[in-house]
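J.: For reference, the file start.cif (mmCIF, C-alpha atoms) is included below:
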```
data_input
#
loop_
_atom_site.label_atom_id
_atom_site.label_comp_id
_atom_site.auth_asym_id
_atom_site.auth_seq_id
_atom_site.Cartn_x
_atom_site.Cartn_y
_atom_site.Cartn_z
CA MET A 1 95.55 136.00 130.32
CA SER A 2 93.07 136.09 127.45
CA ASN A 3 90.38 133.45 127.02
CA TRP A 4 92.22 131.96 124.11
CA ASP A 5 95.45 131.61 126.07
CA ARG A 6 93.56 129.97 128.91
CA PHE A 7 91.94 127.57 126.45
CA VAL A 8 95.31 126.59 125.00
CA GLU A 9 96.82 126.34 128.46
CA THR A 10 94.03 123.96 129.46
CA PHE A 11 93.65 121.66 126.46
CA PHE A 12 97.01 122.02 124.68
CA ASN A 13 99.37 122.39 127.59
CA ALA A 14 102.80 121.70 126.09
CA LYS A 15 104.46 120.84 129.40
CA VAL A 16 101.82 118.31 130.36
CA MET A 17 101.76 116.87 126.86
CA ALA A 18 105.52 116.41 126.77
CA LYS A 19 105.42 114.68 130.13
CA TYR A 20 102.74 112.17 129.17
CA LEU A 21 103.71 111.64 125.54
CA PRO A 22 105.59 108.38 126.32
CA ASP A 23 102.52 107.03 128.17
CA ILE A 24 100.23 107.82 125.26
CA ALA A 25 102.74 106.30 122.83
CA HIS A 26 102.75 103.16 124.93
CA GLY A 27 98.96 103.18 124.90
CA MET A 28 99.06 103.45 121.12
CA VAL A 29 101.18 100.30 120.93
CA VAL A 30 98.70 98.43 123.13
CA THR A 31 95.77 99.70 121.04
CA LEU A 32 97.48 98.59 117.83
CA GLU A 33 98.29 95.16 119.26
CA LEU A 34 94.74 94.72 120.45
CA ALA A 35 93.35 95.91 117.12
CA ALA A 36 95.58 93.54 115.12
CA LEU A 37 94.62 90.58 117.28
CA VAL A 38 90.92 91.38 117.06
CA ILE A 39 90.97 91.84 113.29
CA VAL A 40 92.95 88.68 112.50
CA SER A 41 91.18 86.31 114.91
CA GLY A 42 87.71 87.81 114.39
CA ILE A 43 87.77 87.64 110.61
CA ALA A 44 89.42 84.20 110.56
CA ALA A 45 86.77 82.83 112.93
CA GLY A 46 84.00 84.48 110.91
CA LEU A 47 85.28 82.99 107.68
CA ALA A 48 85.61 79.57 109.32
CA LEU A 49 82.01 79.72 110.54
CA ALA A 50 80.76 80.77 107.10
CA LEU A 51 82.61 77.86 105.49
CA LEU A 52 81.23 75.44 108.07
CA ARG A 53 77.78 76.80 107.36
CA SER A 54 78.18 76.13 103.66
CA LEU A 55 78.40 72.39 104.41
CA GLY A 56 74.64 72.55 104.98
CA LEU A 57 74.39 70.50 108.17
CA ARG A 58 71.14 71.63 109.74
CA PRO A 59 71.84 71.30 113.50
CA LEU A 60 75.26 72.89 113.04
CA ASN A 61 73.79 75.74 111.00
CA LEU A 62 71.17 76.49 113.63
CA LEU A 63 73.92 76.70 116.22
CA ILE A 64 76.02 79.01 114.02
CA VAL A 65 73.07 81.29 113.32
CA PHE A 66 72.30 81.46 117.03
CA ILE A 67 75.86 82.37 117.97
CA VAL A 68 76.02 84.98 115.24
CA ASP A 69 72.70 86.49 116.29
CA LEU A 70 73.78 86.52 119.92
CA PHE A 71 76.91 88.56 119.28
CA ARG A 72 75.14 90.89 116.90
CA ALA A 73 72.49 91.65 119.50
CA LEU A 74 74.73 92.08 122.57
CA PRO A 75 76.53 95.39 123.04
CA PRO A 76 80.32 94.74 123.01
CA LEU A 77 80.69 96.49 126.37
CA VAL A 78 78.24 94.04 127.93
CA VAL A 79 80.28 91.11 126.61
CA ILE A 80 83.49 92.65 127.96
CA VAL A 81 81.95 93.28 131.37
CA PHE A 82 80.57 89.74 131.48
CA ILE A 83 83.91 88.14 130.63
CA TYR A 84 85.95 90.34 132.96
CA PHE A 85 83.62 90.61 135.96
CA GLY A 86 81.49 87.50 135.44
CA LEU A 87 83.84 84.66 134.52
CA PRO A 88 85.98 84.93 137.70
CA ALA A 89 82.94 83.55 139.54
CA ALA A 90 83.50 80.33 137.56
CA GLY A 91 87.18 80.26 138.46
CA LEU A 92 88.44 81.85 135.23
CA SER A 93 90.13 85.22 135.50
CA PRO A 94 91.04 86.59 132.09
CA SER A 95 92.98 89.86 132.14
CA GLY A 96 91.40 93.06 130.85
CA PHE A 97 93.40 92.76 127.64
CA VAL A 98 92.24 89.20 127.01
CA SER A 99 88.63 90.07 127.91
CA THR A 100 88.58 92.95 125.45
CA TRP A 101 90.28 90.94 122.73
CA LEU A 102 87.93 87.99 123.18
CA SER A 103 84.79 90.13 123.23
CA LEU A 104 85.62 92.21 120.19
CA ALA A 105 86.86 89.15 118.28
CA LEU A 106 83.56 87.37 118.99
CA VAL A 107 81.57 90.40 117.84
CA LEU A 108 83.67 90.76 114.68
CA MET A 109 83.35 87.01 114.10
CA ALA A 110 79.55 87.32 114.16
CA PHE A 111 79.42 90.30 111.79
CA SER A 112 81.99 88.92 109.37
CA GLU A 113 80.28 85.51 109.26
CA GLU A 114 77.05 87.26 108.21
CA ILE A 115 78.88 89.21 105.53
CA PHE A 116 80.86 86.21 104.21
CA TRP A 117 77.73 84.07 104.23
CA ALA A 118 75.78 86.69 102.28
CA GLY A 119 78.68 86.78 99.81
CA ILE A 120 78.74 83.01 99.41
CA THR A 121 74.97 82.74 98.90
CA SER A 122 75.09 85.55 96.36
CA ILE A 123 77.05 83.31 93.98
CA ALA A 124 74.46 81.71 91.73
CA ARG A 125 73.69 78.02 92.28
CA GLY A 126 74.50 77.35 88.61
CA GLN A 127 78.15 78.25 89.17
CA TRP A 128 78.45 75.57 91.85
CA GLU A 129 76.87 73.03 89.57
CA ALA A 130 78.97 74.03 86.57
CA ALA A 131 82.19 73.87 88.59
CA ARG A 132 81.32 70.52 90.12
CA SER A 133 80.37 69.06 86.72
CA THR A 134 83.80 69.95 85.32
CA GLY A 135 85.24 67.62 87.93
CA LEU A 136 86.21 70.11 90.66
CA SER A 137 85.67 68.80 94.18
CA TYR A 138 83.51 70.61 96.75
CA GLY A 139 86.59 72.14 98.37
CA GLN A 140 88.09 73.21 95.05
CA THR A 141 84.81 74.79 93.94
CA LEU A 142 84.61 76.72 97.19
CA MET A 143 88.24 77.85 97.12
CA ASN A 144 88.73 78.56 93.42
CA VAL A 145 85.30 79.56 92.16
CA VAL A 146 83.01 80.78 94.91
CA LEU A 147 85.24 82.45 97.49
CA PRO A 148 87.24 84.67 95.10
CA GLN A 149 83.99 86.19 93.85
CA ALA A 150 82.30 86.24 97.23
CA ILE A 151 85.19 87.93 98.98
CA ARG A 152 85.37 90.73 96.44
CA LEU A 153 81.71 91.45 97.09
CA THR A 154 82.21 91.45 100.84
CA ILE A 155 85.26 93.69 101.10
CA PRO A 156 83.57 97.11 101.39
CA PRO A 157 81.00 96.17 104.07
CA LEU A 158 83.61 94.08 105.87
CA THR A 159 86.11 96.95 105.96
CA ASN A 160 83.60 99.40 107.39
CA ARG A 161 82.39 96.94 109.99
CA THR A 162 85.94 96.03 110.97
CA ILE A 163 86.83 99.69 111.53
CA ALA A 164 83.71 100.25 113.63
CA ILE A 165 84.44 97.22 115.82
CA THR A 166 88.16 97.92 116.11
CA LYS A 167 87.37 101.39 117.48
CA GLY A 168 85.82 99.43 120.35
CA THR A 169 89.34 98.78 121.69
CA ALA A 170 88.72 102.02 123.63
CA LEU A 171 86.18 100.04 125.67
CA GLY A 172 89.16 98.25 127.22
CA THR A 173 89.48 101.28 129.50
CA VAL A 174 86.49 100.05 131.46
CA VAL A 175 88.41 96.88 132.40
CA ALA A 176 91.72 98.67 133.05
CA VAL A 177 93.56 97.92 129.80
CA SER A 178 96.41 100.37 129.39
CA GLU A 179 95.43 101.40 125.86
CA ILE A 180 95.27 105.00 124.65
CA LEU A 181 92.11 106.09 126.44
CA GLY A 182 93.10 104.34 129.67
CA MET A 183 96.52 105.95 129.67
CA ALA A 184 95.06 109.37 128.82
CA SER A 185 92.42 109.15 131.55
CA SER A 186 94.90 108.30 134.27
CA ALA A 187 97.23 111.02 133.02
CA VAL A 188 94.36 113.51 133.31
CA SER A 189 93.73 112.58 136.91
CA ASN A 190 97.45 112.67 137.73
CA SER A 191 98.18 116.02 136.11
CA TYR A 192 94.78 117.58 136.76
CA ASN A 193 94.82 118.85 133.20
CA PRO A 194 92.87 117.51 130.19
CA SER A 195 95.75 117.90 127.69
CA PRO A 196 96.59 114.15 127.75
CA LEU A 197 93.04 113.52 126.57
CA THR A 198 93.64 115.84 123.62
CA LEU A 199 96.80 113.92 122.91
CA GLY A 200 94.92 110.62 123.15
CA ALA A 201 92.26 111.93 120.78
CA GLY A 202 95.06 112.80 118.33
CA ALA A 203 96.49 109.30 118.68
CA TYR A 204 93.11 107.75 117.82
CA LEU A 205 92.81 109.98 114.79
CA ILE A 206 96.30 108.99 113.61
CA ILE A 207 95.26 105.34 113.73
CA PHE A 208 91.66 105.46 112.54
CA PHE A 209 91.38 108.45 110.21
CA PRO A 210 93.46 106.78 107.47
CA MET A 211 91.39 103.61 107.93
CA VAL A 212 88.12 105.51 107.47
CA VAL A 213 89.41 107.30 104.38
CA PHE A 214 90.65 103.97 103.01
CA GLY A 215 87.22 102.44 103.65
CA ARG A 216 85.54 105.29 101.79
CA TRP A 217 87.95 104.92 98.87
CA LEU A 218 87.37 101.17 98.76
CA GLU A 219 83.62 101.65 98.75
CA THR A 220 83.58 104.02 95.76
CA ARG A 221 86.10 101.91 93.88
CA MET A 222 84.13 98.72 94.29
CA ARG A 223 80.93 100.49 93.27
CA TRP A 224 82.46 101.56 89.95
CA LYS A 225 83.60 98.07 89.22
CA ARG A 226 80.16 96.53 89.43
CA MET B 1 77.07 76.68 137.53
CA LEU B 2 73.42 77.68 137.52
CA GLN B 3 73.84 78.84 141.11
CA THR B 4 76.60 81.17 139.98
CA PHE B 5 75.35 82.57 136.69
CA PHE B 6 71.58 82.27 136.98
CA ASN B 7 70.85 82.40 140.68
CA LEU B 8 67.08 82.74 141.16
CA GLU B 9 67.45 84.26 144.62
CA ILE B 10 69.67 87.00 143.21
CA ILE B 11 67.24 87.59 140.38
CA GLY B 12 64.50 87.95 142.98
CA ALA B 13 66.55 90.55 144.79
CA ALA B 14 67.86 92.44 141.77
CA TRP B 15 65.06 92.44 139.21
CA LYS B 16 63.71 95.82 140.30
CA ILE B 17 67.10 97.50 139.82
CA ILE B 18 67.57 95.83 136.45
CA LEU B 19 64.09 96.73 135.28
CA ALA B 20 64.67 100.38 136.14
CA GLY B 21 67.82 100.14 134.01
CA LEU B 22 65.85 98.69 131.11
CA GLY B 23 63.40 101.58 131.35
CA ASN B 24 66.24 104.07 131.18
CA THR B 25 67.88 102.28 128.25
CA VAL B 26 64.59 102.46 126.34
CA LEU B 27 64.14 106.14 127.22
CA LEU B 28 67.72 106.94 126.28
CA SER B 29 67.29 105.16 122.94
CA ILE B 30 64.09 107.10 122.27
CA VAL B 31 66.00 110.35 122.77
CA VAL B 32 69.24 109.40 121.10
CA VAL B 33 68.07 107.65 117.92
CA PRO B 34 66.03 110.62 116.60
CA LEU B 35 68.85 112.95 117.64
CA GLY B 36 71.41 111.00 115.61
CA PHE B 37 68.99 110.69 112.71
CA ALA B 38 68.38 114.44 112.73
CA GLY B 39 72.13 115.04 112.73
CA GLY B 40 72.48 112.66 109.79
CA LEU B 41 69.65 114.36 107.93
CA ILE B 42 71.34 117.75 108.25
CA LEU B 43 74.66 116.32 107.02
CA SER B 44 73.09 114.47 104.11
CA LEU B 45 71.16 117.56 102.96
CA LEU B 46 74.33 119.66 103.17
CA ALA B 47 76.16 117.01 101.13
CA GLY B 48 74.03 118.02 98.16
CA VAL B 49 75.66 121.45 98.11
CA ARG B 50 78.15 121.62 95.22
CA ASN B 51 80.29 124.39 96.72
CA PRO B 52 83.74 122.93 97.58
CA TRP B 53 83.92 125.24 100.63
CA VAL B 54 80.98 123.29 102.05
CA ARG B 55 81.72 119.90 100.56
CA TRP B 56 85.25 119.25 101.80
CA PRO B 57 84.86 120.43 105.39
CA LEU B 58 81.68 118.39 105.52
CA MET B 59 83.43 115.23 104.39
CA ALA B 60 86.25 115.87 106.87
CA TRP B 61 83.65 116.36 109.62
CA VAL B 62 81.96 113.04 108.82
CA ASP B 63 85.22 111.09 108.58
CA PHE B 64 86.51 112.74 111.74
CA PHE B 65 83.58 111.53 113.79
CA ARG B 66 83.60 108.13 112.13
CA ALA B 67 87.27 107.73 113.05
CA PHE B 68 86.77 108.85 116.65
CA PRO B 69 85.76 106.07 119.06
CA PRO B 70 82.44 107.18 120.60
CA LEU B 71 83.70 106.36 124.09
CA VAL B 72 86.66 108.73 123.63
CA LEU B 73 84.29 111.49 122.54
CA LEU B 74 82.06 110.81 125.53
CA ILE B 75 84.96 110.85 127.99
CA PHE B 76 86.31 114.03 126.43
CA LEU B 77 82.97 115.77 126.94
CA PHE B 78 82.44 114.31 130.40
CA ALA B 79 85.94 114.54 131.88
CA GLY B 80 87.63 117.15 129.66
CA LEU B 81 85.13 119.98 129.33
CA PRO B 82 84.74 120.54 133.08
CA PHE B 83 88.33 121.86 133.00
CA ALA B 84 87.02 124.65 130.78
CA GLY B 85 84.30 125.34 133.32
CA LEU B 86 81.66 123.47 131.33
CA GLU B 87 80.04 120.79 133.44
CA LEU B 88 77.34 119.17 131.35
CA GLY B 89 76.39 116.01 133.25
CA GLY B 90 76.18 112.46 131.93
CA PHE B 91 72.92 112.75 130.04
CA ALA B 92 73.85 115.88 128.08
CA CYS B 93 77.27 114.41 127.26
CA VAL B 94 75.69 111.22 125.94
CA CYS B 95 73.28 113.26 123.82
CA ILE B 96 76.02 115.43 122.30
CA ALA B 97 78.33 112.47 121.68
CA PHE B 98 75.57 110.48 119.99
CA PHE B 99 74.47 113.47 117.94
CA LEU B 100 78.02 113.85 116.60
CA ASN B 101 79.03 110.19 116.29
CA THR B 102 75.88 108.41 115.16
CA GLY B 103 74.89 111.48 113.17
CA ALA B 104 77.97 110.98 110.99
CA TYR B 105 76.96 107.37 110.32
CA TYR B 106 73.30 108.19 109.63
CA GLY B 107 74.52 111.01 107.39
CA GLU B 108 76.63 108.69 105.24
CA ILE B 109 73.74 106.25 104.85
CA LEU B 110 71.20 108.95 103.97
CA ARG B 111 73.63 110.55 101.52
CA ALA B 112 73.97 107.22 99.70
CA GLY B 113 70.16 107.01 99.64
CA ILE B 114 69.75 110.51 98.24
CA GLU B 115 72.41 109.87 95.60
CA SER B 116 70.53 106.75 94.52
CA ILE B 117 67.63 108.90 93.27
CA PRO B 118 68.13 109.83 89.60
CA ALA B 119 68.57 113.55 88.90
CA GLY B 120 65.74 113.37 86.35
CA GLN B 121 63.24 112.93 89.15
CA ILE B 122 64.39 116.13 90.80
CA ASP B 123 64.16 118.00 87.49
CA ALA B 124 60.70 116.57 86.88
CA ALA B 125 59.51 117.49 90.37
CA ARG B 126 60.92 121.02 90.05
CA SER B 127 59.31 121.49 86.63
CA THR B 128 55.87 120.72 88.10
CA GLY B 129 56.35 123.77 90.31
CA LEU B 130 57.54 122.14 93.54
CA GLY B 131 60.13 124.16 95.45
CA ARG B 132 63.57 122.81 96.34
CA LEU B 133 62.51 121.93 99.88
CA GLN B 134 59.26 120.37 98.72
CA THR B 135 61.09 118.26 96.15
CA MET B 136 63.45 117.04 98.83
CA LEU B 137 60.74 116.31 101.39
CA PHE B 138 58.07 114.77 99.18
CA VAL B 139 59.96 113.24 96.27
CA VAL B 140 63.59 112.47 97.11
CA LEU B 141 63.66 111.63 100.82
CA PRO B 142 60.80 109.10 100.93
CA GLN B 143 62.42 107.05 98.17
CA ALA B 144 65.94 107.57 99.52
CA VAL B 145 64.96 106.30 102.96
CA ARG B 146 63.27 103.27 101.44
CA ASN B 147 66.35 102.44 99.36
CA VAL B 148 68.68 102.41 102.37
CA LEU B 149 66.24 101.07 104.94
CA PRO B 150 68.34 97.98 105.82
CA ASP B 151 71.38 100.17 106.52
CA LEU B 152 69.31 102.62 108.55
CA LEU B 153 67.90 99.79 110.65
CA SER B 154 71.32 98.24 111.09
CA ASN B 155 72.72 101.56 112.29
CA THR B 156 69.79 102.01 114.64
CA LEU B 157 70.56 98.61 116.16
CA GLU B 158 74.14 99.77 116.72
CA VAL B 159 72.94 103.02 118.30
CA VAL B 160 70.70 101.18 120.77
CA LYS B 161 73.61 98.88 121.66
CA LEU B 162 75.84 101.90 122.05
CA THR B 163 73.62 103.35 124.78
CA SER B 164 75.46 100.89 127.05
CA LEU B 165 78.34 103.41 126.97
CA GLY B 166 76.15 105.58 129.19
CA SER B 167 77.21 103.30 132.05
CA VAL B 168 80.71 104.78 131.88
CA VAL B 169 79.40 108.25 132.73
CA ALA B 170 77.10 106.88 135.45
CA MET B 171 73.84 107.00 133.48
CA PRO B 172 71.60 104.49 135.31
CA GLU B 173 70.88 102.44 132.18
CA LEU B 174 70.68 98.64 131.87
CA LEU B 175 74.40 97.82 132.02
CA PHE B 176 75.09 100.33 134.79
CA GLN B 177 72.26 98.99 136.94
CA ALA B 178 73.41 95.42 136.34
CA ARG B 179 76.94 96.34 137.44
CA GLN B 180 75.54 97.98 140.56
CA ALA B 181 73.49 94.90 141.38
CA GLN B 182 76.49 92.67 140.70
CA SER B 183 78.77 94.56 143.05
CA LEU B 184 76.06 94.56 145.74
CA THR B 185 75.44 90.81 145.49
CA TYR B 186 78.96 89.59 144.58
CA ASN B 187 77.36 87.45 141.89
CA PRO B 188 77.42 87.75 138.08
CA THR B 189 73.73 86.84 137.69
CA PRO B 190 72.61 90.48 137.18
CA ILE B 191 75.01 90.85 134.25
CA VAL B 192 73.71 87.64 132.70
CA LEU B 193 70.18 88.94 133.19
CA ALA B 194 71.04 92.25 131.52
CA ALA B 195 72.68 90.43 128.60
CA LEU B 196 69.57 88.28 128.29
CA ILE B 197 67.36 91.39 128.23
CA TYR B 198 69.49 93.01 125.51
CA PHE B 199 69.33 89.80 123.49
CA VAL B 200 65.56 89.33 123.80
CA MET B 201 64.97 93.00 123.02
CA LEU B 202 67.23 93.16 119.96
CA TRP B 203 67.04 89.64 118.53
CA PRO B 204 63.94 90.31 116.37
CA LEU B 205 65.73 93.26 114.75
CA VAL B 206 68.86 91.15 114.15
CA ARG B 207 66.77 88.41 112.47
CA LEU B 208 64.99 90.95 110.29
CA LEU B 209 68.28 92.57 109.29
CA SER B 210 69.98 89.33 108.42
CA ARG B 211 67.09 88.51 106.05
CA LEU B 212 67.14 91.97 104.47
CA GLU B 213 70.93 91.94 104.01
CA ASN B 214 70.95 88.54 102.36
CA ARG B 215 68.30 89.74 99.94
CA VAL B 216 70.20 92.91 99.08
CA LEU B 217 73.48 91.10 98.34
CA ALA B 218 71.70 88.39 96.38
CA ARG B 219 70.29 91.07 94.11
CA ALA B 220 73.66 92.74 93.51
#
```
As structure tokens, please, write out the structure in this file.

T.:
Amino acid sequence: MSNWDRFVETFFNAKVMAKYLPDIAHGMVVTLELAALVIVSGIAAGLALALLRSLGLRPLNLLIVFIVDLFRALPPLVVIVFIYFGLPAAGLSPSGFVSTWLSLALVLMAFSEEIFWAGITSIARGQWEAARSTGLSYGQTLMNVVLPQAIRLTIPPLTNRTIAITKGTALGTVVAVSEILGMASSAVSNSYNPSPLTLGAGAYLIIFFPMVVFGRWLETRMRWKR
Amino acid sequence: MLQTFFNLEIIGAAWKIILAGLGNTVLLSIVVVPLGFAGGLILSLLAGVRNPWVRWPLMAWVDFFRAFPPLVLLIFLFAGLPFAGLELGGFACVCIAFFLNTGAYYGEILRAGIESIPAGQIDAARSTGLGRLQTMLFVVLPQAVRNVLPDLLSNTLEVVKLTSLGSVVAMPELLFQARQAQSLTYNPTPIVLAALIYFVMLWPLVRLLSRLENRVLARA
């Protein structure tokens, strides 16, 4: 057998791949579920915090800034490990899936709050005053004048950050979530062949490569507009 | 509650293990950050080449490694390559994975910085007799780096945080040591301590970044 054949036999073993394809497909579903949950709850929480912060209540703002700083400084894996291995000592036992979801959502919340807040503060003070003086309420000004402009400004950095954090769903492997990497790893140890890992890598690319290309497209498009 | 999550006795027993982990995290960061930056520098310099045979594969390379979760890359190197007879060990795997993954991110940032320098400056520098390399090193890069400094710092913060992945391939860094101490003592205090150390170590950088970012967006 030539070197090339041996290489293919090892990393692209059709028999092994066929056998574990359903597992990897199942892992893909779990990864997608986890990703969707993280994105929706993380960004919603981040936006909520940014809106709360715009009320300008000092003690509340200090708390928000602290929480945001905390989850920007902590590595996501440390948060996952703390929730999964640490909280049971306090009588709470979240599953690996919930731990990963919660951790990544908190991290995305922190980053998106920063980005939304920067967007909100970038809208000139005069616009607030002008809108308010035409008779719009605080809420109306925020919803109809400030946010539409702020959100447009925040979309490119938010997209890139969201992709980077969503890739962290692979960290779920460490706490036994049956997402792509977890499924691929156990398939490797069962079949004693790394082909499932190749398959898993392909599955990640199918999910994230279009997202990265979309992010790049969004970035250039928004730059032209300004 | 304090007994469970911040047990002083446990801290007394585990601080040496944790501190050794901190040392390794710092060392790992010192190796891995320049490595990723160097990878990014190579990519960003190549991005200036107009030839489509260089340009498109390069872009695919960058997007490929930006789409690939770093942990998957690390596991592939650590658990996959041995099947091909290539046993690299945790440290080498971390280095290669970071070179490829964080290099792609640094590369994108540096490319944006280099593109922000007007072409006229390059022409001017070349017309004074500077070579291509000299122009790049002494005229373009210093300004490019300054223009994207907040992004570079932000990425560096992410790289330092990412060193915690080393724990998965048994590198004795901060998180790994904390997990060891936790499983020895049956108490989550070591993990809390490690989280605290990460926070204290990285908080100043986070503060600085949040100020820089607000200023950049406000100017836009």

J.: Could you list, as a ChimeraX atom specification, every residue of chain A that has an atom within 6 Å of an atom of chain B, counting only C-alpha atoms?

T.: /A:73-75,86,118,122,167,194,208-209

J.: With a distance cut-off of 12 Å and only C-alpha atoms, select the neighbouring residues of A:Leu37, excluding the residue or stretch itself and same-chain residues fewer than 5 positions from it, and output the selection as a PyMOL selection string.

T.: chain A and resi 30-32+42-45+97-98+100-106+108+166+169

J.: Written as a PyMOL selection string, what is the full residue list that the PyMOL selection byres ((chain B and resi 20) around 12) yields on the file shown?

T.: chain B and resi 14-19+21-27+171-178+180-181+194

J.: Could those residues be written to a file, using C-alpha atoms, as a compact mmCIF listing (two decimals), in the frame of the given file?

T.:
```
# COMPACT_ATOMS: atom_id res chain seq x y z
CA ALA B 14 67.86 92.44 141.77
CA TRP B 15 65.06 92.44 139.21
CA LYS B 16 63.71 95.82 140.30
CA ILE B 17 67.10 97.50 139.82
CA ILE B 18 67.57 95.83 136.45
CA LEU B 19 64.09 96.73 135.28
CA GLY B 21 67.82 100.14 134.01
CA LEU B 22 65.85 98.69 131.11
CA GLY B 23 63.40 101.58 131.35
CA ASN B 24 66.24 104.07 131.18
CA THR B 25 67.88 102.28 128.25
CA VAL B 26 64.59 102.46 126.34
CA LEU B 27 64.14 106.14 127.22
CA MET B 171 73.84 107.00 133.48
CA PRO B 172 71.60 104.49 135.31
CA GLU B 173 70.88 102.44 132.18
CA LEU B 174 70.68 98.64 131.87
CA LEU B 175 74.40 97.82 132.02
CA PHE B 176 75.09 100.33 134.79
CA GLN B 177 72.26 98.99 136.94
CA ALA B 178 73.41 95.42 136.34
CA GLN B 180 75.54 97.98 140.56
CA ALA B 181 73.49 94.90 141.38
CA ALA B 194 71.04 92.25 131.52
```

J.: Got a sec: who's within 12 Å of B:Ala92, counting only C-alpha atoms, leaving out chain neighbours fewer than 3 positions off, as a PyMOL selection string?

T.: chain B and resi 28+31-32+35+74+77-78+86-89+95-99+166+169+171

J.: Can you tell me how far atom CA of A:Phe111 sits from atom CA of A:Asp69, in Å to one decimal?

T.: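 These two atoms are separated by 8.9 Å.
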
J.: Work out how far apart atom CA of A:Thr10 and atom CA of A:Ala25 are and give it in Å to one decimal.

T.: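 Between atom CA of A:Thr10 and atom CA of A:Ala25 the gap is 20.8 Å.
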
J.: As a PyMOL selection string, please: the residues near stretch 214-216 of chain A (cut-off 12 Å, all atoms listed in the file, same-chain neighbours under 2 positions excluded).

T.: (chain A and resi 155-164+207-212+218-223) or (chain B and resi 59-60+62-63+66-67+108+112)

J.: Please provide as a list in words all residues within 12 Å of A:Asn144, with the sequence filter that same-chain residues fewer than 5 positions apart are discarded (counting all atoms listed in the file).

T.: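 Here the answer would be Gln127, Trp128, Ala131, Arg132, Leu136, Ser137, Tyr138, Gly139, Gln149, Ala150 and Ile151 of chain A.
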
J.: If you measure from atom CA of B:Gly120 to atom CA of A:Trp217, what distance in Å do you get, rounded to one decimal?

T.: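 Pair atom CA of B:Gly120 / atom CA of A:Trp217 returns 26.9 Å.
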
J.: Taking (100.5, 115.0, 126.8) in the coordinates of the supplied file, I want to know which residues reach to within 9 Å of it, counting all atoms listed in the file; could you give the answer as an mmCIF file with C-alpha atoms, in the coordinates of the input?

T.:
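What landed in out.cif:
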```cif
data_model
loop_
_atom_site.group_PDB
_atom_site.id
_atom_site.type_symbol
_atom_site.label_atom_id
_atom_site.label_comp_id
_atom_site.auth_asym_id
_atom_site.auth_seq_id
_atom_site.Cartn_x
_atom_site.Cartn_y
_atom_site.Cartn_z
ATOM 1 C CA PHE A 12 97.010 122.020 124.680
ATOM 2 C CA ASN A 13 99.370 122.390 127.590
ATOM 3 C CA ALA A 14 102.800 121.700 126.090
ATOM 4 C CA LYS A 15 104.460 120.840 129.400
ATOM 5 C CA VAL A 16 101.820 118.310 130.360
ATOM 6 C CA MET A 17 101.760 116.870 126.860
ATOM 7 C CA ALA A 18 105.520 116.410 126.770
ATOM 8 C CA LYS A 19 105.420 114.680 130.130
ATOM 9 C CA TYR A 20 102.740 112.170 129.170
ATOM 10 C CA LEU A 21 103.710 111.640 125.540
ATOM 11 C CA PRO A 22 105.590 108.380 126.320
ATOM 12 C CA ASP A 23 102.520 107.030 128.170
ATOM 13 C CA ILE A 24 100.230 107.820 125.260
ATOM 14 C CA ALA A 184 95.060 109.370 128.820
ATOM 15 C CA ALA A 187 97.230 111.020 133.020
ATOM 16 C CA PRO A 194 92.870 117.510 130.190
ATOM 17 C CA SER A 195 95.750 117.900 127.690
ATOM 18 C CA PRO A 196 96.590 114.150 127.750
ATOM 19 C CA LEU A 197 93.040 113.520 126.570
ATOM 20 C CA THR A 198 93.640 115.840 123.620
ATOM 21 C CA LEU A 199 96.800 113.920 122.910
ATOM 22 C CA GLY A 200 94.920 110.620 123.150
#
```

J.: Quick one: residues within 10 Å of A:Gly96, only C-alpha atoms counted, chain neighbours fewer than 4 positions away excluded, as a list in words?

T.: Ile80, Val81, Ile83, Tyr84, Phe85, Thr100, Trp101, Leu102, Gly172, Thr173, Val174, Val175, Ala176, Val177 and Ser178 of chain A

J.: Enumerate, as a PyMOL selection string, the residues matched when the PyMOL selection byres ((chain B and resi 106) around 12) is run on the file above.

T.: chain B and resi 33-45+62+65-66+98-105+107-113+145+148-159

J.: What do you get, as a PyMOL selection string, if you spell out every residue that the PyMOL selection byres ((chain A and resi 65) around 10) selects here?

T.: (chain A and resi 49-50+53+60-64+66-70+110+113-114) or (chain B and resi 207+210)

J.: How about saving the chosen residues, C-alpha atoms kept, as a compact mmCIF listing (two decimals), keeping the file's coordinate frame?

T.:
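Result saved to result.txt:
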```
# COMPACT_ATOMS: atom_id res chain seq x y z
CA LEU A 49 82.01 79.72 110.54
CA ALA A 50 80.76 80.77 107.10
CA ARG A 53 77.78 76.80 107.36
CA LEU A 60 75.26 72.89 113.04
CA ASN A 61 73.79 75.74 111.00
CA LEU A 62 71.17 76.49 113.63
CA LEU A 63 73.92 76.70 116.22
CA ILE A 64 76.02 79.01 114.02
CA PHE A 66 72.30 81.46 117.03
CA ILE A 67 75.86 82.37 117.97
CA VAL A 68 76.02 84.98 115.24
CA ASP A 69 72.70 86.49 116.29
CA LEU A 70 73.78 86.52 119.92
CA ALA A 110 79.55 87.32 114.16
CA GLU A 113 80.28 85.51 109.26
CA GLU A 114 77.05 87.26 108.21
CA ARG B 207 66.77 88.41 112.47
CA SER B 210 69.98 89.33 108.42
```
